[in-house]
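Data from structure_0.txt: compact mmCIF, C-alpha atoms
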```txt
# COMPACT_ATOMS: atom_id res chain seq x y z
CA GLY A 1 119.36 108.97 76.35
CA ASP A 2 117.21 105.89 76.55
CA GLY A 3 116.64 105.24 72.86
CA GLY A 4 113.03 106.44 72.80
CA PRO A 5 109.76 104.59 73.56
CA ARG A 6 110.12 102.06 70.70
CA ALA A 7 113.50 100.85 71.95
CA ARG A 8 112.12 100.55 75.48
CA LEU A 9 109.15 98.46 74.22
CA ALA A 10 111.52 96.16 72.33
CA ALA A 11 113.69 95.78 75.43
CA GLY A 12 110.58 95.04 77.52
CA GLY A 13 109.49 92.37 75.04
CA ALA A 14 112.93 90.75 75.19
CA LEU A 15 112.78 90.70 79.01
CA LEU A 16 109.34 89.04 78.97
CA ARG A 17 110.55 86.38 76.52
CA GLY A 18 113.59 85.82 78.74
CA GLY A 19 111.35 85.05 81.72
CA ASP A 20 111.47 88.43 83.50
CA LEU A 21 107.71 88.72 83.88
CA GLY A 22 107.73 91.32 86.65
CA VAL A 23 104.25 92.41 87.74
CA ALA A 24 102.68 91.99 84.27
CA PRO A 25 100.84 88.68 85.00
CA VAL A 26 99.46 89.98 88.33
CA VAL A 27 98.16 93.23 86.86
CA ALA A 28 96.61 91.32 83.93
CA GLY A 29 95.00 88.88 86.38
CA LEU A 30 93.62 91.73 88.48
CA VAL A 31 92.06 93.38 85.41
CA VAL A 32 90.37 90.07 84.48
CA ILE A 33 89.09 89.47 88.04
CA TRP A 34 87.74 93.02 88.39
CA THR A 35 86.07 92.88 84.97
CA VAL A 36 84.36 89.55 85.70
CA MET A 37 83.24 90.63 89.20
CA GLN A 38 81.88 93.94 87.88
CA ILE A 39 79.89 92.16 85.14
CA LEU A 40 78.44 89.71 87.71
CA ASN A 41 77.67 92.43 90.27
CA PRO A 42 77.71 96.15 89.37
CA ILE A 43 78.29 97.09 93.04
CA PHE A 44 81.82 95.61 92.95
CA LEU A 45 83.61 98.65 91.49
CA SER A 46 81.48 101.20 93.40
CA SER A 47 83.57 103.60 95.48
CA ALA A 48 81.89 102.37 98.70
CA ASN A 49 82.94 98.77 98.01
CA LEU A 50 86.48 99.69 96.93
CA VAL A 51 86.99 101.68 100.17
CA ASN A 52 86.03 98.52 102.10
CA LEU A 53 88.15 96.31 99.85
CA LEU A 54 91.31 98.36 100.51
CA LEU A 55 90.75 98.29 104.30
CA GLU A 56 90.12 94.52 104.20
CA CYS A 57 93.48 94.05 102.43
CA VAL A 58 95.59 95.60 105.18
CA PRO A 59 95.92 93.08 108.07
CA VAL A 60 96.81 90.08 105.88
CA GLY A 61 98.71 92.36 103.47
CA VAL A 62 101.05 93.45 106.29
CA ILE A 63 101.64 89.76 107.18
CA ALA A 64 102.29 88.99 103.48
CA LEU A 65 104.92 91.76 103.38
CA GLY A 66 106.82 89.89 106.09
CA VAL A 67 106.48 86.64 104.15
CA VAL A 68 108.11 88.34 101.13
CA PHE A 69 111.32 88.84 103.15
CA MET A 70 111.37 85.15 104.09
CA LEU A 71 110.75 83.97 100.53
CA LEU A 72 113.49 86.27 99.19
CA VAL A 73 116.10 84.38 101.24
CA GLY A 74 114.62 81.08 100.02
CA GLN A 75 112.93 80.19 103.34
CA ILE A 76 109.30 79.93 104.49
CA ASP A 77 107.40 80.78 107.67
CA LEU A 78 104.24 78.71 108.14
CA SER A 79 103.47 80.20 111.57
CA VAL A 80 102.63 83.79 110.55
CA GLY A 81 98.90 83.19 111.13
CA SER A 82 99.47 81.82 114.64
CA ILE A 83 101.85 84.66 115.50
CA SER A 84 99.27 87.22 114.32
CA GLY A 85 96.59 85.54 116.46
CA LEU A 86 98.91 85.43 119.47
CA SER A 87 99.77 89.12 119.14
CA ALA A 88 96.04 89.99 118.86
CA ALA A 89 95.43 88.05 122.10
CA VAL A 90 98.39 89.70 123.89
CA THR A 91 97.24 93.18 122.79
CA ALA A 92 93.66 92.55 123.99
CA VAL A 93 94.71 91.09 127.37
CA LEU A 94 97.21 93.87 128.16
CA PHE A 95 94.94 96.68 126.90
CA VAL A 96 91.50 95.52 128.13
CA ASP A 97 92.16 93.15 131.06
CA ARG A 98 95.34 94.72 132.46
CA GLY A 99 94.37 98.32 131.66
CA MET A 100 97.65 99.28 129.96
CA PRO A 101 97.69 102.12 127.38
CA ALA A 102 96.92 100.79 123.88
CA TRP A 103 100.30 101.79 122.44
CA VAL A 104 102.16 99.89 125.21
CA ALA A 105 100.06 96.77 124.53
CA ILE A 106 100.72 97.02 120.77
CA LEU A 107 104.47 97.59 121.25
CA ALA A 108 104.61 94.58 123.59
CA ALA A 109 102.81 92.38 121.03
CA VAL A 110 105.13 93.43 118.16
CA ALA A 111 108.20 93.00 120.40
CA LEU A 112 107.00 89.49 121.23
CA GLY A 113 106.71 88.82 117.49
CA ALA A 114 110.27 90.06 116.94
CA ALA A 115 111.53 87.84 119.81
CA VAL A 116 109.88 84.79 118.22
CA GLY A 117 111.65 85.53 114.92
CA TRP A 118 114.99 85.88 116.71
CA CYS A 119 114.48 82.49 118.43
CA TYR A 120 113.55 80.89 115.08
CA ALA A 121 116.75 82.30 113.56
CA GLN A 122 118.90 80.87 116.38
CA VAL A 123 117.43 77.38 115.85
CA PHE A 124 117.88 77.76 112.09
CA ASN A 125 121.43 79.16 112.14
CA ARG A 126 122.90 77.15 115.01
CA LEU A 127 121.12 73.79 114.70
CA GLY A 128 120.38 73.78 110.96
CA VAL A 129 116.70 72.84 111.44
CA PRO A 130 114.77 73.70 108.24
CA SER A 131 112.58 76.82 108.50
CA PHE A 132 109.62 74.72 107.33
CA VAL A 133 109.87 72.51 110.45
CA ILE A 134 110.67 75.34 112.89
CA SER A 135 107.65 77.37 111.78
CA LEU A 136 105.38 74.30 111.67
CA ALA A 137 106.23 73.73 115.35
CA GLY A 138 105.59 77.45 115.94
CA LEU A 139 102.21 77.25 114.18
CA LEU A 140 101.01 74.60 116.66
CA GLY A 141 102.77 75.96 119.74
CA PHE A 142 101.65 79.58 119.37
CA LEU A 143 98.07 78.58 118.57
CA GLY A 144 98.05 76.76 121.93
CA LEU A 145 99.61 79.77 123.67
CA GLN A 146 96.98 82.06 122.12
CA LEU A 147 94.13 79.86 123.47
CA TRP A 148 95.79 79.76 126.91
CA ILE A 149 96.25 83.57 127.04
CA LEU A 150 92.61 84.21 126.05
CA GLY A 151 91.48 81.91 128.85
CA PRO A 152 88.08 80.27 129.33
CA ASN A 153 86.11 83.19 127.80
CA GLY A 154 87.95 82.77 124.51
CA SER A 155 87.09 86.28 123.31
CA ILE A 156 87.99 89.81 124.40
CA ASN A 157 86.28 92.85 122.87
CA LEU A 158 88.26 96.03 122.31
CA PRO A 159 86.38 99.24 123.28
CA PHE A 160 84.83 100.87 120.20
CA ASP A 161 85.96 104.34 121.26
CA SER A 162 89.62 103.29 121.69
CA TRP A 163 92.04 104.75 119.14
CA PRO A 164 93.20 101.40 117.62
CA VAL A 165 89.59 100.53 116.69
CA THR A 166 88.88 104.07 115.44
CA PHE A 167 92.09 103.97 113.38
CA ALA A 168 91.21 100.62 111.76
CA GLN A 169 87.52 101.30 111.14
CA LEU A 170 86.73 105.00 111.00
CA ALA A 171 89.91 107.02 110.32
CA PHE A 172 90.08 108.41 106.78
CA VAL A 173 92.54 110.81 105.16
CA PRO A 174 91.04 114.30 104.54
CA PRO A 175 90.65 114.77 100.74
CA TRP A 176 93.13 117.70 100.52
CA LEU A 177 95.79 115.68 102.34
CA ALA A 178 95.19 112.62 100.14
CA TYR A 179 95.82 114.74 97.01
CA ALA A 180 98.90 116.32 98.66
CA LEU A 181 100.30 112.83 99.40
CA VAL A 182 99.70 111.79 95.77
CA ALA A 183 101.54 114.90 94.51
CA ALA A 184 104.41 114.24 96.95
CA GLY A 185 104.61 110.63 95.73
CA ALA A 186 104.79 111.67 92.07
CA ALA A 187 107.45 114.29 92.89
CA ALA A 188 109.47 111.72 94.86
CA LEU A 189 109.30 109.25 91.95
CA TYR A 190 110.66 111.90 89.58
CA TRP A 191 113.36 113.10 91.97
CA THR A 192 114.71 109.63 92.88
CA GLY A 193 114.72 108.67 89.18
CA HIS A 194 116.51 111.91 88.29
CA LEU A 195 119.23 111.34 90.93
CA ARG A 196 119.71 107.73 89.86
CA ALA A 197 119.97 108.69 86.18
CA ALA A 198 122.57 111.37 87.03
CA GLU A 199 124.54 108.80 89.02
CA ARG A 200 124.49 106.34 86.12
CA ARG A 201 125.59 109.02 83.64
CA ARG A 202 128.54 109.90 85.87
CA ALA A 203 129.51 106.22 85.79
CA GLU A 204 129.05 106.32 81.97
CA LEU A 205 126.21 103.76 82.08
CA PRO A 206 122.95 103.99 80.08
CA ALA A 207 120.39 106.03 82.03
CA THR A 208 116.68 106.79 81.83
CA GLY A 209 115.97 109.95 79.82
CA GLU A 210 114.45 113.07 81.35
CA ARG A 211 111.31 112.84 79.20
CA THR A 212 110.63 109.28 80.36
CA LEU A 213 111.08 110.32 84.00
CA ILE A 214 108.58 113.17 83.61
CA LEU A 215 106.05 110.99 81.75
CA ARG A 216 106.31 108.29 84.42
CA SER A 217 105.66 110.78 87.22
CA VAL A 218 102.75 112.42 85.39
CA ALA A 219 101.21 108.99 84.78
CA LEU A 220 101.52 108.16 88.50
CA LEU A 221 100.06 111.55 89.45
CA ALA A 222 97.08 111.07 87.10
CA GLY A 223 96.47 107.43 88.08
CA LEU A 224 96.65 107.90 91.84
CA GLY A 225 94.84 111.24 91.64
CA LEU A 226 91.94 109.56 89.81
CA ALA A 227 91.88 106.70 92.37
CA VAL A 228 91.80 109.17 95.29
CA TRP A 229 89.03 111.22 93.62
CA TYR A 230 86.96 108.04 93.11
CA LEU A 231 87.45 106.79 96.69
CA ASN A 232 86.62 110.27 98.03
CA ARG A 233 83.16 109.97 96.49
CA ASP A 234 82.54 107.65 99.43
CA ARG A 235 84.55 107.83 102.70
CA GLY A 236 87.96 108.23 101.08
CA VAL A 237 91.30 106.56 101.71
CA GLY A 238 91.61 104.80 105.07
CA TRP A 239 94.58 105.75 107.28
CA MET A 240 95.16 102.03 107.86
CA PHE A 241 95.68 101.54 104.12
CA VAL A 242 98.10 104.51 104.09
CA LEU A 243 100.06 102.78 106.87
CA PHE A 244 100.25 99.59 104.76
CA LEU A 245 101.34 101.59 101.70
CA GLY A 246 104.01 103.31 103.80
CA LEU A 247 105.35 99.94 104.97
CA VAL A 248 105.41 98.64 101.38
CA LEU A 249 107.30 101.73 100.16
CA ALA A 250 109.80 101.51 103.03
CA ALA A 251 110.37 97.81 102.26
CA HIS A 252 110.69 98.59 98.54
CA TYR A 253 113.32 101.23 99.29
CA ALA A 254 115.25 98.84 101.57
CA LEU A 255 115.16 96.05 98.99
CA SER A 256 115.97 98.08 95.89
CA ARG A 257 118.26 100.86 97.12
CA THR A 258 120.29 99.57 100.06
CA LYS A 259 123.22 97.25 100.55
CA TYR A 260 121.01 95.21 102.89
CA GLY A 261 118.50 94.62 100.08
CA LYS A 262 121.22 93.46 97.69
CA SER A 263 122.48 91.06 100.39
CA LEU A 264 118.98 89.58 100.81
CA TYR A 265 118.70 88.87 97.08
CA ALA A 266 122.25 87.48 97.02
CA VAL A 267 121.55 85.03 99.86
CA GLY A 268 118.27 83.96 98.21
CA GLY A 269 119.94 83.55 94.83
CA ASN A 270 122.98 81.53 95.95
CA VAL A 271 123.97 81.15 99.62
CA GLU A 272 127.51 79.89 98.95
CA ALA A 273 128.27 82.69 96.46
CA ALA A 274 126.90 85.25 98.96
CA ARG A 275 129.10 83.81 101.74
CA ARG A 276 132.18 83.99 99.53
CA ALA A 277 131.33 87.58 98.61
CA GLY A 278 131.73 88.43 102.30
CA ILE A 279 128.04 88.71 103.22
CA ASP A 280 127.19 87.73 106.82
CA VAL A 281 124.65 85.10 105.77
CA GLN A 282 123.50 84.26 109.32
CA ARG A 283 122.76 87.92 110.05
CA ILE A 284 120.72 88.23 106.83
CA TYR A 285 118.70 85.12 107.74
CA THR A 286 118.12 86.46 111.27
CA SER A 287 116.88 89.81 109.92
CA ALA A 288 114.45 88.06 107.52
CA PHE A 289 113.02 85.91 110.34
CA VAL A 290 112.64 88.90 112.67
CA LEU A 291 111.04 91.15 110.02
CA CYS A 292 108.63 88.39 109.04
CA THR A 293 107.41 87.65 112.58
CA SER A 294 107.30 91.36 113.58
CA LEU A 295 105.09 92.20 110.58
CA ALA A 296 102.94 89.13 111.33
CA ALA A 297 102.44 90.47 114.88
CA LEU A 298 101.56 93.94 113.55
CA GLY A 299 99.10 92.39 111.08
CA GLY A 300 97.46 90.52 113.98
CA VAL A 301 97.06 93.77 115.95
CA LEU A 302 95.48 95.48 112.93
CA ALA A 303 93.12 92.53 112.39
CA ALA A 304 92.00 92.70 116.03
CA ALA A 305 91.48 96.47 115.75
CA ARG A 306 89.49 96.01 112.53
CA LEU A 307 87.22 93.43 114.22
CA ALA A 308 87.27 95.28 117.58
CA ALA A 309 87.97 91.88 119.17
CA ALA A 310 90.57 89.17 119.71
CA ASN A 311 89.21 85.64 119.93
CA GLN A 312 90.14 81.97 119.50
CA SER A 313 89.74 82.20 115.73
CA SER A 314 92.10 85.24 115.38
CA GLY A 315 94.88 84.32 112.97
CA THR A 316 93.39 80.90 112.18
CA GLY A 317 91.38 79.78 109.15
CA ASP A 318 92.89 80.99 105.91
CA VAL A 319 95.02 83.86 107.33
CA ASN A 320 98.23 81.83 107.11
CA LEU A 321 97.58 80.49 103.64
CA ASN A 322 96.37 83.83 102.26
CA ALA A 323 99.45 85.67 103.55
CA ILE A 324 101.83 83.19 101.89
CA ALA A 325 99.64 82.96 98.76
CA ALA A 326 99.54 86.78 98.44
CA ALA A 327 103.35 87.00 98.43
CA VAL A 328 103.59 84.26 95.78
CA ILE A 329 100.68 85.47 93.61
CA GLY A 330 102.22 88.98 93.72
CA GLY A 331 105.33 87.62 92.02
CA THR A 332 107.75 86.61 94.79
CA SER A 333 109.50 83.39 93.83
CA LEU A 334 109.24 80.39 96.16
CA PHE A 335 112.77 79.50 95.06
CA GLY A 336 114.34 82.63 96.60
CA GLY A 337 116.12 85.67 95.20
CA ARG A 338 113.28 87.12 93.10
CA GLY A 339 110.36 89.36 93.99
CA GLY A 340 109.77 92.63 95.79
CA ALA A 341 107.70 94.55 98.32
CA PHE A 342 104.91 95.38 95.88
CA ALA A 343 104.25 91.64 95.55
CA ALA A 344 102.50 91.74 98.94
CA LEU A 345 100.29 94.65 97.88
CA LEU A 346 99.34 93.25 94.47
CA GLY A 347 98.89 89.71 95.76
CA ILE A 348 96.60 90.64 98.63
CA VAL A 349 94.49 92.87 96.36
CA VAL A 350 94.01 89.87 94.03
CA ILE A 351 93.02 87.52 96.89
CA GLN A 352 90.79 90.06 98.61
CA SER A 353 89.10 90.97 95.30
CA ILE A 354 88.16 87.31 94.78
CA SER A 355 86.90 87.03 98.38
CA ASN A 356 85.01 90.34 98.29
CA GLY A 357 83.47 89.69 94.85
CA LEU A 358 82.24 86.22 95.76
CA THR A 359 80.81 87.52 99.06
CA LEU A 360 78.86 90.16 97.10
CA LEU A 361 77.49 87.35 94.91
CA ASN A 362 76.35 85.50 98.08
CA LEU A 363 78.49 82.49 97.17
CA ASP A 364 79.80 80.60 100.18
CA SER A 365 83.46 80.24 101.10
CA SER A 366 83.84 76.89 99.31
CA TYR A 367 84.06 78.77 95.99
CA ARG A 368 86.47 81.32 97.44
CA PHE A 369 88.91 78.61 98.51
CA MET A 370 88.73 76.87 95.13
CA VAL A 371 89.20 80.05 93.08
CA THR A 372 92.08 81.31 95.30
CA GLY A 373 93.71 77.87 95.05
CA ALA A 374 93.48 77.91 91.26
CA VAL A 375 94.98 81.43 91.11
CA LEU A 376 97.83 80.37 93.43
CA MET A 377 98.58 77.30 91.30
CA LEU A 378 98.63 79.49 88.18
CA ALA A 379 101.03 81.98 89.84
CA VAL A 380 103.49 79.25 90.89
CA ALA A 381 103.26 77.63 87.44
CA LEU A 382 104.09 81.01 85.83
CA ASP A 383 107.02 81.45 88.23
CA SER A 384 108.37 77.98 87.38
CA ALA A 385 107.94 78.59 83.63
CA ALA A 386 109.73 81.94 83.98
CA ARG A 387 112.62 80.24 85.81
CA ARG A 388 112.97 77.65 83.03
CA SER A 389 112.87 80.40 80.43
CA ARG A 390 115.59 82.36 82.30
CA ARG A 391 117.75 79.24 82.44
CA SER A 392 117.39 78.61 78.72
CA HIS A 393 118.34 82.27 78.08
CA GLY A 394 121.34 81.89 80.41
CA ARG A 395 119.94 84.25 83.05
CA ALA A 396 118.94 81.85 85.84
```
Representation of the structure as structure tokens:
Amino acid sequence: GDGGPRARLAAGGALLRGGDLGVAPVVAGLVVIWTVMQILNPIFLSSANLVNLLLECVPVGVIALGVVFMLLVGQIDLSVGSISGLSAAVTAVLFVDRGMPAWVAILAAVALGAAVGWCYAQVFNRLGVPSFVISLAGLLGFLGLQLWILGPNGSINLPFDSWPVTFAQLAFVPPWLAYALVAAGAAALYWTGHLRAAERRRAELPATGERTLILRSVALLAGLGLAVWYLNRDRGVGWMFVLFLGLVLAAHYALSRTKYGKSLYAVGGNVEAARRAGIDVQRIYTSAFVLCTSLAALGGVLAAARLAAANQSSGTGDVNLNAIAAAVIGGTSLFGGRGGAFAALLGIVVIQSISNGLTLLNLDSSYRFMVTGAVLMLAVALDSAARRSRRSHGRA
């Protein structure tokens, strides 16, 4: 068994004291932000606003998911904003100006993103140039390329009746299907937990008890079911948000259940130890670069579809900073080897909640930048404190 709820609470407390904070600080921060915003403006937690909030999270959230992979191997990509803007421009030019089918234009843009990541990885692996410098050069270079591709007009509108725009703005999951997806998710959580527990018992290791597995799944079913019911009072759950959630779950599975995921954490934790353990370090770095730039390109396409336009400001402004900040605020360590896919989801919800709440209060963007900056500083400080605590407990 698992020693009952009391034993689990005690173990959780010991982990927190040892510096394994997990998602606790982010969730606590989100509760505080939502409470404050709701007190200041009662519209904030209305179903109509939350539907918008979730859709607003997606483009930068997808980019942040790519950043998580880079941070896990202890590297950084500063050019994700420029790559997203470039892919928006490429999609718009191929789709609107050249008359290609939308899906061809989108595939071309994402493929271009993947190619950029592969080139970065070659420079990093073969020449040893730091990722910080490579991506800084990319940030400037691809911004220039984006302006050149858009040409003298500087802006290309996507047709409102085209499927990418419909998907990003008007496509919502039918209520019955949303509930079915929630039920499937809860069932999957139980089943994967059950299989893992059986595996651990066969290996004579401590495993999660059946009662805990059932309670966990019921809690997920109730929580998500309530959220879906509340969002359905307005337009419901956007398909674009479901896509983002699907990407997060796929990334979570890859990171937590596959050999590839273990290799990523190993390289981020200690490159030399990973090399000696027989991990192909260069291949792992290449995959992180390619995943990061591909997801940045996809995020750029979704942003263009959401706006129904690609222009000179696509991917500029705070896109870059928010994507990196979301990954860090969500609990991915800047020092490599710690974090997970849900960091991107939690982090972007925090950032977008601040942005959305302050917009509702008619406060200009100066406040938004200052508040987001303070939250980012707090997240990194917590991460550093947790690292020190792990060291002192001998679990660095």
Which region 18-89 of chain A residues have any atom within 10 Å of an atom of region 228-241 of chain A, and for each, what is the nearest pair of atoms with distance in Å to one decimal, counting all atoms listed in the file, rows sorted by chain and number, as a Markdown table?
```
| residue | atom | partner | partner_atom | distance |
| --- | --- | --- | --- | --- |
| A:Ser46 | CA | A:Tyr230 | CA | 8.8 |
| A:Ser47 | CA | A:Leu231 | CA | 5.2 |
| A:Ala48 | CA | A:Asp234 | CA | 5.4 |
| A:Asn49 | CA | A:Asp234 | CA | 9.0 |
| A:Leu50 | CA | A:Leu231 | CA | 7.2 |
| A:Val51 | CA | A:Leu231 | CA | 6.2 |
| A:Asn52 | CA | A:Gly238 | CA | 8.9 |
| A:Leu54 | CA | A:Phe241 | CA | 6.5 |
| A:Leu55 | CA | A:Phe241 | CA | 5.9 |
| A:Glu56 | CA | A:Phe241 | CA | 9.0 |
| A:Cys57 | CA | A:Phe241 | CA | 8.0 |
| A:Val58 | CA | A:Phe241 | CA | 6.0 |
| A:Pro59 | CA | A:Met240 | CA | 9.0 |
| A:Gly61 | CA | A:Phe241 | CA | 9.7 |
| A:Val62 | CA | A:Phe241 | CA | 9.9 |
```
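Taking only C-alpha atoms into account, Ser131 (chain A) lies nearest to A:Asp77 out of the set A:Glu272, A:Asp77, A:Glu204, A:Glu199.
The residue that comes closest to Ala325 (chain A), out of A:Val31, A:Leu346, A:Ala115, A:Leu139 and on the basis of all atoms listed in the file, is A:Leu346.
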Quiz item: CA of Ile284 (chain A) and CA of Asp318 (chain A), how far apart in Å?
Solution: 28.8 Å
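The shortest atom-to-atom distance to Ala188 (chain A), with only C-alpha atoms taken into account, belongs to A:Leu213 out of A:Ile149, A:Val242, A:Val104, A:Leu213.
Atom to atom, CA of Ala89 (chain A) and CA of Phe132 (chain A) stand 24.4 Å apart.
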Quiz item: Which value, in Å to one decimal, gives the distance between CA of Asn125 (chain A) and CA of Ala273 (chain A)?
Solution: 17.5 Å
